[in-house]
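Raw data.cif, mmCIF, C-alpha atoms:
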data_structure
loop_
_atom_site.label_atom_id
_atom_site.label_comp_id
_atom_site.auth_asym_id
_atom_site.auth_seq_id
_atom_site.Cartn_x
_atom_site.Cartn_y
_atom_site.Cartn_z
CA MET A 1 26.60 16.38 10.49
CA SER A 2 27.40 14.19 13.48
CA ALA A 3 25.42 11.03 14.00
CA SER A 4 25.96 11.37 17.78
CA VAL A 5 23.51 14.28 17.91
CA THR A 6 19.86 13.26 17.86
CA ARG A 7 17.79 15.19 15.37
CA LYS A 8 14.03 14.99 15.09
CA LEU A 9 12.56 13.52 11.88
CA PHE A 10 8.87 13.77 11.01
CA ILE A 11 7.55 11.88 7.97
CA LYS A 12 3.96 12.36 6.82
CA THR A 13 2.89 9.51 4.58
CA TYR A 14 0.10 9.75 2.03
CA GLY A 15 -1.54 6.98 0.05
CA CYS A 16 -0.59 3.39 -0.49
CA GLN A 17 1.18 0.73 1.54
CA MET A 18 4.23 1.05 -0.67
CA ASN A 19 4.56 4.62 0.56
CA ALA A 20 4.40 3.37 4.15
CA TYR A 21 7.26 0.97 3.33
CA ASP A 22 9.21 3.77 1.62
CA SER A 23 8.76 6.06 4.63
CA ALA A 24 10.16 3.40 6.95
CA ARG A 25 13.17 2.95 4.68
CA MET A 26 13.75 6.72 4.54
CA ALA A 27 13.94 6.67 8.33
CA ASP A 28 16.46 3.81 8.03
CA VAL A 29 18.75 5.71 5.65
CA LEU A 30 18.63 8.86 7.79
CA ALA A 31 19.26 7.11 11.12
CA PRO A 32 23.08 7.10 10.66
CA LEU A 33 22.91 10.90 10.39
CA GLY A 34 21.37 11.07 13.85
CA TYR A 35 17.73 11.48 12.81
CA ALA A 36 15.15 9.78 15.03
CA PRO A 37 11.40 9.72 14.26
CA CYS A 38 9.11 12.11 16.14
CA GLU A 39 5.34 12.51 16.27
CA ALA A 40 4.84 16.07 14.95
CA ALA A 41 6.32 18.54 12.48
CA ASP A 42 6.53 21.37 15.01
CA GLY A 43 10.12 21.52 16.24
CA ALA A 44 11.38 18.82 13.87
CA ASP A 45 14.81 19.19 12.26
CA MET A 46 13.61 17.49 9.09
CA VAL A 47 10.12 17.04 7.67
CA ILE A 48 9.37 14.77 4.72
CA LEU A 49 6.05 14.69 2.92
CA ASN A 50 5.91 11.29 1.20
CA THR A 51 3.25 11.94 -1.42
CA CYS A 52 0.87 9.84 -3.50
CA HIS A 53 -0.54 10.87 -6.89
CA ILE A 54 -3.46 8.44 -6.94
CA ARG A 55 -6.00 10.36 -4.88
CA GLU A 56 -7.92 13.32 -6.23
CA LYS A 57 -6.31 16.77 -5.85
CA ALA A 58 -3.16 15.15 -4.45
CA ALA A 59 -0.91 18.02 -5.57
CA GLU A 60 -3.13 20.73 -4.10
CA LYS A 61 -3.36 18.91 -0.77
CA MET A 62 0.43 18.72 -0.73
CA PHE A 63 0.78 22.46 -1.44
CA SER A 64 -1.71 23.20 1.35
CA GLU A 65 0.41 21.16 3.75
CA LEU A 66 3.56 22.94 2.58
CA GLY A 67 1.83 26.23 3.34
CA ARG A 68 1.11 25.05 6.89
CA LEU A 69 4.71 23.97 7.35
CA LYS A 70 6.26 27.29 6.26
CA PRO A 71 5.61 29.14 9.56
CA LEU A 72 7.08 26.19 11.48
CA LYS A 73 10.22 26.37 9.35
CA VAL A 74 10.45 30.15 9.91
CA ARG A 75 10.00 29.71 13.68
CA LYS A 76 12.68 27.04 13.78
CA ALA A 77 15.11 29.43 12.05
CA ARG A 78 14.16 32.27 14.39
CA ASP A 79 15.03 30.02 17.34
CA GLY A 80 18.47 29.38 15.88
CA GLY A 81 17.78 25.99 14.29
CA ARG A 82 16.96 24.72 10.83
CA MET A 83 14.16 22.61 9.46
CA ILE A 84 15.02 20.76 6.27
CA LEU A 85 11.80 20.33 4.30
CA ALA A 86 11.61 17.56 1.72
CA VAL A 87 8.88 16.36 -0.65
CA ALA A 88 9.17 12.74 -1.76
CA GLY A 89 7.05 10.22 -3.61
CA CYS A 90 4.96 10.26 -6.74
CA VAL A 91 3.76 13.87 -6.65
CA ALA A 92 7.39 14.93 -6.26
CA GLN A 93 8.28 12.82 -9.31
CA ALA A 94 5.51 14.35 -11.41
CA GLU A 95 5.58 17.94 -10.17
CA GLY A 96 9.20 18.51 -9.13
CA GLY A 97 9.80 21.82 -10.90
CA GLU A 98 6.37 23.14 -9.98
CA ILE A 99 6.98 22.37 -6.31
CA LEU A 100 10.18 24.39 -6.23
CA ALA A 101 8.51 27.26 -8.10
CA ARG A 102 5.41 27.44 -5.90
CA ALA A 103 7.04 26.54 -2.58
CA PRO A 104 10.61 27.92 -2.54
CA HIS A 105 10.91 27.07 1.17
CA VAL A 106 11.21 23.39 0.14
CA ASP A 107 14.82 22.18 0.35
CA ILE A 108 14.68 18.74 -1.30
CA VAL A 109 12.42 17.20 -3.93
CA LEU A 110 13.05 13.54 -4.65
CA GLY A 111 11.20 10.82 -6.50
CA PRO A 112 10.35 7.35 -5.18
CA GLN A 113 13.38 5.79 -6.86
CA THR A 114 15.98 8.06 -5.24
CA TYR A 115 15.30 8.15 -1.51
CA HIS A 116 18.41 6.01 -0.89
CA ARG A 117 20.30 9.22 -1.78
CA LEU A 118 18.78 11.19 1.09
CA PRO A 119 22.01 11.40 3.16
CA GLU A 120 23.83 12.90 0.17
CA LEU A 121 20.96 15.31 -0.54
CA VAL A 122 20.81 16.40 3.11
CA ALA A 123 24.55 17.04 3.00
CA GLN A 124 24.13 19.14 -0.14
CA VAL A 125 21.46 21.41 1.32
CA THR A 126 23.37 21.67 4.60
CA ARG A 127 26.55 22.81 2.87
CA ALA A 128 25.01 25.26 0.41
CA ALA A 129 21.96 27.43 -0.15
CA GLY A 130 19.35 26.42 -2.70
CA ALA A 131 17.09 23.46 -3.22
CA VAL A 132 17.97 20.00 -4.57
CA LEU A 133 15.86 18.13 -7.12
CA ASP A 134 16.45 14.41 -7.73
CA THR A 135 13.82 12.53 -9.75
CA GLU A 136 15.77 9.95 -11.72
CA PHE A 137 14.81 6.27 -12.11
CA PRO A 138 17.71 4.11 -10.82
CA ALA A 139 15.55 1.33 -9.33
CA GLU A 140 18.30 -1.23 -8.95
CA ALA A 141 20.68 1.26 -7.37
CA LYS A 142 18.08 2.17 -4.78
CA PHE A 143 17.57 -1.34 -3.46
CA ASP A 144 21.29 -2.10 -3.63
CA ALA A 145 22.08 1.02 -1.58
CA LEU A 146 19.46 0.70 1.14
CA PRO A 147 20.75 -0.32 4.58
CA GLU A 148 19.47 -3.39 6.34
CA THR A 149 16.25 -2.87 8.28
CA THR A 150 17.03 -2.25 11.95
CA GLN A 151 13.76 -0.83 13.31
CA ALA A 152 11.22 -3.22 14.79
CA PRO A 153 8.47 -3.42 12.16
CA GLY A 154 5.68 -4.57 14.44
CA VAL A 155 3.79 -7.84 14.15
CA SER A 156 2.74 -7.09 10.56
CA ALA A 157 5.36 -5.72 8.16
CA PHE A 158 5.48 -4.49 4.57
CA LEU A 159 8.17 -5.63 2.13
CA THR A 160 8.47 -4.14 -1.35
CA ILE A 161 9.44 -6.79 -3.90
CA GLN A 162 8.46 -5.06 -7.15
CA GLU A 163 8.15 -1.48 -8.35
CA GLY A 164 6.81 0.25 -11.44
CA CYS A 165 4.27 -0.89 -13.97
CA ASP A 166 4.29 -1.68 -17.69
CA LYS A 167 0.51 -1.89 -18.12
CA PHE A 168 -0.16 1.82 -18.89
CA CYS A 169 -3.81 1.95 -17.87
CA THR A 170 -5.08 5.20 -19.35
CA PHE A 171 -6.20 6.63 -15.99
CA CYS A 172 -3.00 5.88 -14.06
CA VAL A 173 0.16 7.90 -13.42
CA VAL A 174 2.21 5.07 -11.92
CA PRO A 175 4.24 4.20 -15.06
CA TYR A 176 5.27 7.86 -15.25
CA THR A 177 6.07 8.36 -11.56
CA ARG A 178 7.41 4.92 -10.56
CA GLY A 179 8.86 3.86 -13.91
CA ALA A 180 9.08 0.48 -15.62
CA GLU A 181 8.57 -2.79 -13.78
CA PHE A 182 11.53 -3.89 -11.71
CA SER A 183 11.65 -6.99 -9.50
CA ARG A 184 14.13 -7.46 -6.68
CA PRO A 185 16.24 -10.65 -6.66
CA ALA A 186 14.52 -13.39 -4.67
CA ALA A 187 17.53 -13.89 -2.40
CA ASP A 188 17.39 -10.22 -1.37
CA VAL A 189 13.67 -10.46 -0.62
CA ILE A 190 14.12 -13.61 1.45
CA ALA A 191 17.02 -12.04 3.35
CA GLU A 192 14.98 -8.94 4.19
CA ALA A 193 12.01 -11.09 5.21
CA ARG A 194 14.29 -13.10 7.50
CA ARG A 195 15.47 -9.87 9.16
CA LEU A 196 11.89 -8.64 9.59
CA VAL A 197 10.88 -11.91 11.24
CA ALA A 198 13.92 -11.74 13.53
CA LEU A 199 12.74 -8.24 14.55
CA GLY A 200 9.30 -9.55 15.47
CA ALA A 201 7.21 -9.65 12.29
CA ARG A 202 4.85 -12.61 12.07
CA GLU A 203 2.99 -11.46 8.96
CA ILE A 204 4.58 -9.97 5.84
CA THR A 205 2.69 -8.21 3.07
CA LEU A 206 4.61 -8.28 -0.21
CA LEU A 207 4.19 -5.00 -2.05
CA GLY A 208 4.35 -3.91 -5.66
CA GLN A 209 2.54 -1.61 -8.03
CA ASN A 210 1.86 -4.82 -9.94
CA VAL A 211 3.08 -7.34 -7.40
CA ASN A 212 1.99 -10.51 -9.19
CA ALA A 213 4.05 -9.48 -12.22
CA TYR A 214 7.07 -10.24 -10.02
CA HIS A 215 9.86 -11.90 -12.01
CA GLY A 216 12.92 -11.70 -9.79
CA GLU A 217 16.22 -13.46 -10.23
CA ALA A 218 16.08 -16.87 -8.55
CA PRO A 219 18.76 -17.86 -6.01
CA ASP A 220 20.03 -20.60 -8.33
CA GLY A 221 19.66 -18.64 -11.58
CA GLY A 222 16.65 -18.14 -13.83
CA ASN A 223 13.60 -16.26 -12.61
CA TRP A 224 10.95 -16.78 -9.99
CA GLY A 225 7.37 -15.61 -10.28
CA LEU A 226 5.33 -14.63 -7.25
CA GLY A 227 4.14 -18.19 -6.66
CA ALA A 228 7.73 -19.45 -6.43
CA LEU A 229 8.74 -16.53 -4.21
CA VAL A 230 5.91 -17.29 -1.79
CA ARG A 231 7.12 -20.89 -1.58
CA GLY A 232 10.64 -19.61 -0.94
CA LEU A 233 9.41 -17.45 1.96
CA ALA A 234 7.11 -20.02 3.56
CA PRO A 235 9.87 -22.06 5.31
CA LEU A 236 11.11 -19.03 7.30
CA GLU A 237 10.69 -19.97 10.95
CA GLY A 238 8.34 -17.57 12.68
CA LEU A 239 6.66 -16.31 9.51
CA GLU A 240 3.03 -17.27 10.01
CA ARG A 241 1.23 -15.26 7.36
CA ILE A 242 1.97 -14.01 3.83
CA ARG A 243 -0.14 -11.49 1.92
CA TYR A 244 0.51 -9.54 -1.27
CA THR A 245 -0.88 -6.45 -2.96
CA THR A 246 -1.68 -4.94 -5.47
CA SER A 247 -2.39 -7.45 -8.23
CA HIS A 248 -3.44 -7.31 -11.86
CA PRO A 249 -5.88 -9.94 -13.18
CA LEU A 250 -3.66 -10.64 -16.20
CA ASP A 251 -0.79 -11.83 -14.00
CA VAL A 252 -2.59 -14.47 -11.93
CA ASP A 253 -0.74 -17.50 -13.31
CA ASP A 254 -1.13 -21.18 -12.51
CA ALA A 255 1.85 -21.19 -10.12
CA LEU A 256 0.29 -18.42 -8.04
CA VAL A 257 -3.09 -20.13 -7.99
CA ALA A 258 -1.38 -23.33 -6.84
CA ALA A 259 0.38 -21.42 -4.05
CA HIS A 260 -3.01 -20.33 -2.73
CA ALA A 261 -4.04 -23.97 -2.58
CA GLU A 262 -0.83 -25.46 -1.22
CA VAL A 263 1.00 -22.88 0.95
CA PRO A 264 -0.80 -22.52 4.29
CA GLN A 265 0.94 -19.23 5.10
CA VAL A 266 -0.81 -17.50 2.16
CA MET A 267 -3.89 -15.86 3.58
CA PRO A 268 -7.28 -16.50 1.91
CA PHE A 269 -7.79 -12.82 1.13
CA LEU A 270 -6.83 -11.19 -2.16
CA HIS A 271 -7.05 -7.64 -3.44
CA LEU A 272 -7.66 -8.02 -7.19
CA PRO A 273 -8.69 -4.74 -8.87
CA VAL A 274 -11.14 -4.98 -11.77
CA GLN A 275 -12.08 -1.25 -12.11
CA SER A 276 -15.19 -1.85 -14.24
CA GLY A 277 -17.56 -4.61 -15.30
CA SER A 278 -17.99 -3.19 -18.81
CA ASP A 279 -15.80 -4.56 -21.60
CA ARG A 280 -16.13 -1.26 -23.47
CA VAL A 281 -14.87 0.73 -20.48
CA LEU A 282 -12.14 -1.80 -19.72
CA ALA A 283 -10.87 -1.41 -23.28
CA ALA A 284 -10.89 2.39 -22.94
CA MET A 285 -8.95 1.99 -19.70
CA ASN A 286 -6.41 -0.26 -21.50
CA ARG A 287 -6.88 -2.87 -18.80
CA ARG A 288 -6.20 -5.67 -21.35
CA HIS A 289 -8.76 -8.01 -19.83
CA ARG A 290 -12.50 -8.43 -20.25
CA ALA A 291 -15.07 -8.83 -17.51
CA ASP A 292 -15.35 -12.54 -18.31
CA ASP A 293 -11.57 -12.91 -18.00
CA TYR A 294 -11.86 -11.53 -14.48
CA ARG A 295 -14.70 -13.92 -13.70
CA ALA A 296 -12.64 -16.85 -14.96
CA THR A 297 -9.62 -15.81 -12.87
CA VAL A 298 -11.76 -15.56 -9.75
CA ALA A 299 -13.23 -18.99 -10.48
CA ARG A 300 -9.73 -20.52 -10.75
CA LEU A 301 -8.72 -18.97 -7.44
CA ARG A 302 -11.87 -20.12 -5.68
CA ARG A 303 -11.45 -23.65 -6.97
CA ALA A 304 -7.98 -23.58 -5.42
CA ARG A 305 -9.09 -22.02 -2.14
CA ALA A 306 -12.80 -22.32 -1.43
CA ASP A 307 -12.75 -19.82 1.44
CA LEU A 308 -11.00 -17.11 -0.58
CA ALA A 309 -12.36 -13.62 0.08
CA LEU A 310 -11.89 -10.83 -2.44
CA SER A 311 -11.31 -7.11 -2.38
CA SER A 312 -11.22 -4.90 -5.46
CA ASP A 313 -10.97 -1.38 -6.87
CA PHE A 314 -13.68 0.31 -8.93
CA ILE A 315 -13.74 3.56 -10.90
CA VAL A 316 -17.14 5.01 -11.80
CA GLY A 317 -17.75 7.74 -14.34
CA PHE A 318 -14.78 6.92 -16.56
CA PRO A 319 -14.99 8.98 -19.79
CA GLY A 320 -17.70 7.56 -22.01
CA GLU A 321 -19.23 5.35 -19.32
CA SER A 322 -22.93 4.91 -20.10
CA ASP A 323 -25.77 3.78 -17.87
CA GLU A 324 -25.45 0.34 -19.48
CA ASP A 325 -21.72 0.24 -18.72
CA PHE A 326 -22.39 1.10 -15.09
CA GLU A 327 -25.08 -1.57 -14.87
CA ALA A 328 -22.50 -4.08 -16.13
CA THR A 329 -20.28 -3.13 -13.20
CA LEU A 330 -23.13 -3.65 -10.75
CA ALA A 331 -23.89 -7.03 -12.34
CA LEU A 332 -20.27 -8.15 -11.92
CA VAL A 333 -20.23 -7.05 -8.28
CA ARG A 334 -23.44 -8.97 -7.57
CA GLU A 335 -22.06 -12.08 -9.24
CA ILE A 336 -18.58 -12.11 -7.70
CA GLY A 337 -19.29 -10.82 -4.19
CA PHE A 338 -16.62 -8.84 -2.34
CA ALA A 339 -15.62 -8.87 1.31
CA GLN A 340 -14.49 -5.27 0.93
CA ALA A 341 -13.67 -2.87 -1.90
CA TYR A 342 -12.44 0.60 -2.75
CA SER A 343 -14.46 2.71 -5.15
CA PHE A 344 -13.86 6.17 -6.55
CA LYS A 345 -15.22 8.71 -8.96
CA TYR A 346 -12.97 9.09 -11.98
CA SER A 347 -10.82 12.19 -11.75
CA ARG A 348 -8.43 13.46 -14.37
CA ARG A 349 -4.70 12.98 -13.83
CA PRO A 350 -2.58 15.43 -15.83
CA GLY A 351 -0.48 13.67 -18.42
CA THR A 352 -2.59 10.51 -18.58
CA PRO A 353 -4.38 9.57 -21.82
CA ALA A 354 -7.81 9.43 -20.16
CA ALA A 355 -7.59 13.10 -19.15
CA SER A 356 -8.17 14.15 -22.76
CA LEU A 357 -10.73 11.51 -23.73
CA PRO A 358 -14.11 12.71 -24.99
CA GLY A 359 -17.28 11.94 -23.09
CA GLN A 360 -16.22 13.20 -19.66
CA VAL A 361 -19.05 12.26 -17.30
CA PRO A 362 -20.70 15.08 -15.30
CA ASP A 363 -19.74 15.06 -11.64
CA ALA A 364 -23.35 14.76 -10.49
CA VAL A 365 -23.73 11.56 -12.51
CA LYS A 366 -20.47 10.20 -11.13
CA ALA A 367 -21.58 10.98 -7.58
CA GLU A 368 -24.92 9.23 -8.07
CA ARG A 369 -23.30 6.13 -9.55
CA LEU A 370 -20.70 6.02 -6.79
CA ALA A 371 -23.39 6.16 -4.12
CA ILE A 372 -25.27 3.25 -5.73
CA LEU A 373 -22.11 1.16 -6.09
CA GLN A 374 -20.90 1.86 -2.57
CA ALA A 375 -24.29 0.92 -1.12
CA LEU A 376 -24.04 -2.45 -2.86
CA LEU A 377 -20.44 -2.98 -1.75
CA ARG A 378 -21.29 -2.06 1.86
CA GLU A 379 -24.16 -4.54 1.80
CA GLN A 380 -21.78 -7.28 0.63
CA GLN A 381 -19.19 -6.37 3.25
CA HIS A 382 -21.80 -6.42 6.01
CA ARG A 383 -23.04 -9.79 4.79
CA PHE A 384 -19.51 -11.19 4.78
CA ASN A 385 -18.79 -9.88 8.27
CA ASP A 386 -22.14 -11.10 9.61
CA ALA A 387 -21.32 -14.61 8.38
CA THR A 388 -18.31 -14.72 10.72
CA VAL A 389 -20.46 -14.40 13.86
CA GLY A 390 -20.39 -17.70 15.70
CA ARG A 391 -17.27 -18.88 13.87
CA VAL A 392 -13.88 -19.45 15.44
CA LEU A 393 -11.18 -17.59 13.50
CA PRO A 394 -7.41 -17.55 13.99
CA VAL A 395 -6.54 -13.97 14.95
CA LEU A 396 -2.97 -12.64 14.89
CA PHE A 397 -2.87 -10.06 17.68
CA GLU A 398 -0.90 -6.95 16.71
CA LYS A 399 -1.29 -4.37 19.49
CA ARG A 400 -3.21 -3.17 22.51
CA GLY A 401 -6.76 -2.00 21.91
CA ARG A 402 -8.42 1.26 22.88
CA HIS A 403 -9.68 -0.17 26.16
CA GLY A 404 -7.73 -1.66 29.02
CA GLY A 405 -7.19 -5.40 28.82
CA GLN A 406 -8.03 -5.44 25.11
CA LEU A 407 -5.93 -6.55 22.13
CA VAL A 408 -6.52 -5.94 18.44
CA GLY A 409 -5.50 -8.21 15.61
CA ARG A 410 -6.50 -9.42 12.16
CA SER A 411 -8.43 -12.40 10.91
CA PRO A 412 -7.17 -14.30 7.86
CA TYR A 413 -9.55 -12.10 5.85
CA LEU A 414 -7.86 -8.89 7.07
CA GLN A 415 -10.79 -7.98 9.33
CA PRO A 416 -9.80 -6.13 12.51
CA VAL A 417 -10.79 -8.18 15.57
CA HIS A 418 -10.67 -7.11 19.20
CA ALA A 419 -10.92 -9.28 22.29
CA SER A 420 -10.08 -9.20 25.98
CA ALA A 421 -6.58 -10.64 26.18
CA THR A 422 -3.27 -10.14 27.95
CA PRO A 423 -0.31 -8.35 26.29
CA GLU A 424 1.84 -11.48 26.07
CA LEU A 425 -0.46 -12.66 23.27
CA ILE A 426 0.75 -9.83 20.99
CA GLY A 427 2.51 -11.50 18.09
CA ARG A 428 0.67 -14.79 18.56
CA THR A 429 -2.15 -16.33 16.54
CA VAL A 430 -5.05 -17.24 18.82
CA SER A 431 -8.42 -18.90 18.19
CA VAL A 432 -11.17 -16.34 18.73
CA LEU A 433 -14.92 -16.91 18.74
CA ILE A 434 -16.51 -14.02 16.83
CA ALA A 435 -19.39 -12.69 18.92
CA ALA A 436 -20.50 -9.50 17.15
CA VAL A 437 -19.94 -7.18 14.21
CA GLU A 438 -19.23 -3.59 15.20
CA SER A 439 -18.93 -0.50 13.00
CA ASN A 440 -15.25 -0.94 12.11
CA SER A 441 -14.27 -4.28 13.60
CA LEU A 442 -15.34 -7.68 14.88
CA ALA A 443 -15.68 -8.37 18.60
CA GLY A 444 -14.59 -11.76 19.87
CA THR A 445 -13.73 -13.91 22.84
CA LEU A 446 -10.75 -16.19 23.28
CA VAL A 447 -11.90 -19.74 22.72
CA ALA A 448 -10.39 -20.94 26.01
CA GLU A 449 -12.50 -18.38 27.86
CA ALA A 450 -15.59 -19.12 25.79
CA SER A 451 -15.42 -22.81 26.68
CA SER A 452 -14.66 -22.39 30.38
#

Any chance you could give the structure as structure tokens?
Amino acid sequence: MSASVTRKLFIKTYGCQMNAYDSARMADVLAPLGYAPCEAADGADMVILNTCHIREKAAEKMFSELGRLKPLKVRKARDGGRMILAVAGCVAQAEGGEILARAPHVDIVLGPQTYHRLPELVAQVTRAAGAVLDTEFPAEAKFDALPETTQAPGVSAFLTIQEGCDKFCTFCVVPYTRGAEFSRPAADVIAEARRLVALGAREITLLGQNVNAYHGEAPDGGNWGLGALVRGLAPLEGLERIRYTTSHPLDVDDALVAAHAEVPQVMPFLHLPVQSGSDRVLAAMNRRHRADDYRATVARLRRARADLALSSDFIVGFPGESDEDFEATLALVREIGFAQAYSFKYSRRPGTPAASLPGQVPDAVKAERLAILQALLREQQHRFNDATVGRVLPVLFEKRGRHGGQLVGRSPYLQPVHASATPELIGRTVSVLIAAVESNSLAGTLVAEASS
């Protein structure tokens, strides 16, 4: 396959930010083969579905999409071309054999630890008939083999520093689909961050299934935790903001708390999943922390950074959850207060311990509890957003808005903010007076204009 010929590549990404990062890196590894990203599957020479196993009915949604893609693949062949169809990500890792059995028009199935092998896999399916399955777990080999990032990442970029998880929460498939915890060497992370900043990134979000369990090799030997890594990234010229996700309450150590207090690039917004406010449910989930442990961790963080805003994850209707357990979750939410949160009804994941637990909660009960919880969380989010009206916030503008003469960016608390501004402010942090809260964003005015 000649790299001088441009081939169209369409990647559909499901789920988490780590998948978005993985999709960008898949485009990087395929670029030398002549593949360039396109906006639609129709007419593409290669289509990749980068799947996520976290959401409910993830596998069935993937199979539905594969069904929609089959006629496009047939049409491409009828017109004398070929569409290579690949399924990547966590569903591919968990359901590899089933995918090939149910969707024989799929050419490649590869797990999240093997996408650096895509050029080799494409060559295999190009040379011979039959599908290729690659779902091994060579985490180190993947990062060692990936090419340097060459595509402009935008103002805000993702950077994976850690993969896998050793916690084995009973509801979660990640340890089975992403493998054991692996942390990239700090020097490699800093080098990639430097390249991203050179390409225009001003904000970097560090990613990991359990990102604050990071324990990468330090540049001078030993190991760095996430707090040390953040301090190592902060001096990079042009890097204005650092975020990280997703965290586990058990791994918020003193060094990380101190980084929140002492490193100005670390944004005062933290996604810290708790899942439940009931100790009994937390034990059944194998979360390894109690509700009071979570409260104490939040208190430590808020002592370090008084303006810290929190996001979290909640699961309602976990097997055995009683009315009293659910009330404990509501009590924790009222006490802590969240700027935003994600909440879901428990759904069984095949192969996870919770799938076979007794006391499965009826769906109607789960739906009722979810509605109550989400109403409370929305109220807190509205209250947090309303409190920004009249304040001046530093907004990092990322792109043009929907209307002419408008830019959109993010506040330190990850809120989308739009204001009338000229395009040369994209990539710059500007003081914005927040004037109103809209349905999905904040509306503001540049301070210079407000004072003139």

Worksheet item: Written as a list in words, what is the full residue list that the PyMOL selection byres ((chain A and resi 431) around 6) yields on the file shown?
Response: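 On this input, the PyMOL selection byres ((chain A and resi 431) around 6) captures Leu393, Pro394, Val430, Val432 and Val447 of chain A.
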
Please save C-alpha atoms of the selected residues as an mmCIF file, keeping the file's coordinate frame.
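Saved result, result.cif, follows:
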data_model
loop_
_atom_site.group_PDB
_atom_site.id
_atom_site.type_symbol
_atom_site.label_atom_id
_atom_site.label_comp_id
_atom_site.auth_asym_id
_atom_site.auth_seq_id
_atom_site.Cartn_x
_atom_site.Cartn_y
_atom_site.Cartn_z
ATOM 1 C CA LEU A 393 -11.180 -17.590 13.500
ATOM 2 C CA PRO A 394 -7.410 -17.550 13.990
ATOM 3 C CA VAL A 430 -5.050 -17.240 18.820
ATOM 4 C CA VAL A 432 -11.170 -16.340 18.730
ATOM 5 C CA VAL A 447 -11.900 -19.740 22.720
#

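Straight-line separation from atom CA of Phe63 of chain A to atom CA of Arg25 of chain A: 23.9 Å.
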
Worksheet item: Between A:Ser343, A:Ser356, A:Thr297, A:Ser441, which one has atoms that come closest to His248 of chain A, using only C-alpha atoms?
Response: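 Among the listed residues, A:Thr297 lies closest to His248 of chain A.
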
Discussion item. When the PyMOL selection byres ((chain A and resi 299) around 12) is applied to the structure above, which residues does it catch, written out as JSON, numbers by chain?
Written reply: {"A": [249, 252, 257, 292, 293, 294, 295, 296, 297, 298, 300, 301, 302, 303, 304, 305, 306, 307, 308, 309, 310, 335, 336, 337]}

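Between atom CA of Phe314 of chain A and atom CA of Arg334 of chain A the separation is 13.5 Å.
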
Fill in: Minimum-distance residue to Glu237 of chain A, chosen among A:Ala261, A:Val47, A:Ala193, A:Ile426 (using all atoms listed in the file)
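Comparing A:Ala261, A:Val47, A:Ala193, A:Ile426 against Glu237 of chain A, the winner is A:Ala193.
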
Write out as a CSV table (one decimal) with C-alpha atoms, in the frame of the given file each polymer residue whose atoms come within 12 Å of Asp22 of chain A, counting only C-alpha atoms; drop sequence neighbours fewer than 5 positions from it.
chain,number,residue,atom,x,y,z
A,11,ILE,CA,7.6,11.9,8.0
A,12,LYS,CA,4.0,12.4,6.8
A,13,THR,CA,2.9,9.5,4.6
A,14,TYR,CA,0.1,9.8,2.0
A,15,GLY,CA,-1.5,7.0,0.0
A,16,CYS,CA,-0.6,3.4,-0.5
A,17,GLN,CA,1.2,0.7,1.5
A,27,ALA,CA,13.9,6.7,8.3
A,28,ASP,CA,16.5,3.8,8.0
A,29,VAL,CA,18.8,5.7,5.6
A,48,ILE,CA,9.4,14.8,4.7
A,49,LEU,CA,6.0,14.7,2.9
A,50,ASN,CA,5.9,11.3,1.2
A,51,THR,CA,3.2,11.9,-1.4
A,52,CYS,CA,0.9,9.8,-3.5
A,88,ALA,CA,9.2,12.7,-1.8
A,89,GLY,CA,7.0,10.2,-3.6
A,90,CYS,CA,5.0,10.3,-6.7
A,111,GLY,CA,11.2,10.8,-6.5
A,112,PRO,CA,10.4,7.4,-5.2
A,113,GLN,CA,13.4,5.8,-6.9
A,114,THR,CA,16.0,8.1,-5.2
A,115,TYR,CA,15.3,8.2,-1.5
A,116,HIS,CA,18.4,6.0,-0.9
A,142,LYS,CA,18.1,2.2,-4.8
A,143,PHE,CA,17.6,-1.3,-3.5
A,146,LEU,CA,19.5,0.7,1.1
A,149,THR,CA,16.2,-2.9,8.3
A,158,PHE,CA,5.5,-4.5,4.6
A,159,LEU,CA,8.2,-5.6,2.1
A,160,THR,CA,8.5,-4.1,-1.4
A,161,ILE,CA,9.4,-6.8,-3.9
A,163,GLU,CA,8.2,-1.5,-8.4
A,207,LEU,CA,4.2,-5.0,-2.0
A,208,GLY,CA,4.4,-3.9,-5.7

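Among the candidates A:Cys165, A:Leu250, A:Ala58, A:Leu110, the one nearest to Arg348 of chain A when counting all atoms listed in the file is A:Ala58.
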
Fill in: Atomic distance atom CA of Gln275 of chain A - atom CA of Gly164 of chain A, expressed in Å with one decimal
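Atom CA of Gln275 of chain A sits 19.0 Å away from atom CA of Gly164 of chain A.
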
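A distance cut-off of 9 Å around (2.7, -0.1, -14.7), counting only C-alpha atoms, selects these protein and nucleic acid residues: Glu163, Gly164, Cys165, Asp166, Lys167, Phe168, Cys169, Cys172, Val173, Val174, Pro175, Tyr176, Arg178, Gly179, Ala180, Glu181, Gln209 and Asn210 of chain A.
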
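Residues matched by the PyMOL selection byres ((chain A and resi 240) around 8) in this file are A:Arg202, A:Glu203, A:Gly238, A:Leu239, A:Arg241, A:Ile242, A:Gln265.
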
Fill in: Nearby residues (only C-alpha atoms) at most 12 Å from segment 400-416 of chain A, same-chain spacing under 6 positions excluded, as an MDAnalysis selection string
chainID A and resid 154:156 202:203 205 240:244 264:271 307:311 338:340 381:382 384:386 388 391:394 422:434 437:446

Fill in: All residues 7 Å or closer to segment 232-235 of chain A, all atoms listed in the file, same chain fewer than 3 positions away omitted, as a PyMOL selection string
chain A and resi 190+228-229+265

Export, as an mmCIF file, in the coordinates of the input, the selected residues with C-alpha atoms.
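Once everything was written out, this is selection_9.cif:
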data_model
loop_
_atom_site.group_PDB
_atom_site.id
_atom_site.type_symbol
_atom_site.label_atom_id
_atom_site.label_comp_id
_atom_site.auth_asym_id
_atom_site.auth_seq_id
_atom_site.Cartn_x
_atom_site.Cartn_y
_atom_site.Cartn_z
ATOM 1 C CA ILE A 190 14.120 -13.610 1.450
ATOM 2 C CA ALA A 228 7.730 -19.450 -6.430
ATOM 3 C CA LEU A 229 8.740 -16.530 -4.210
ATOM 4 C CA GLN A 265 0.940 -19.230 5.100
#
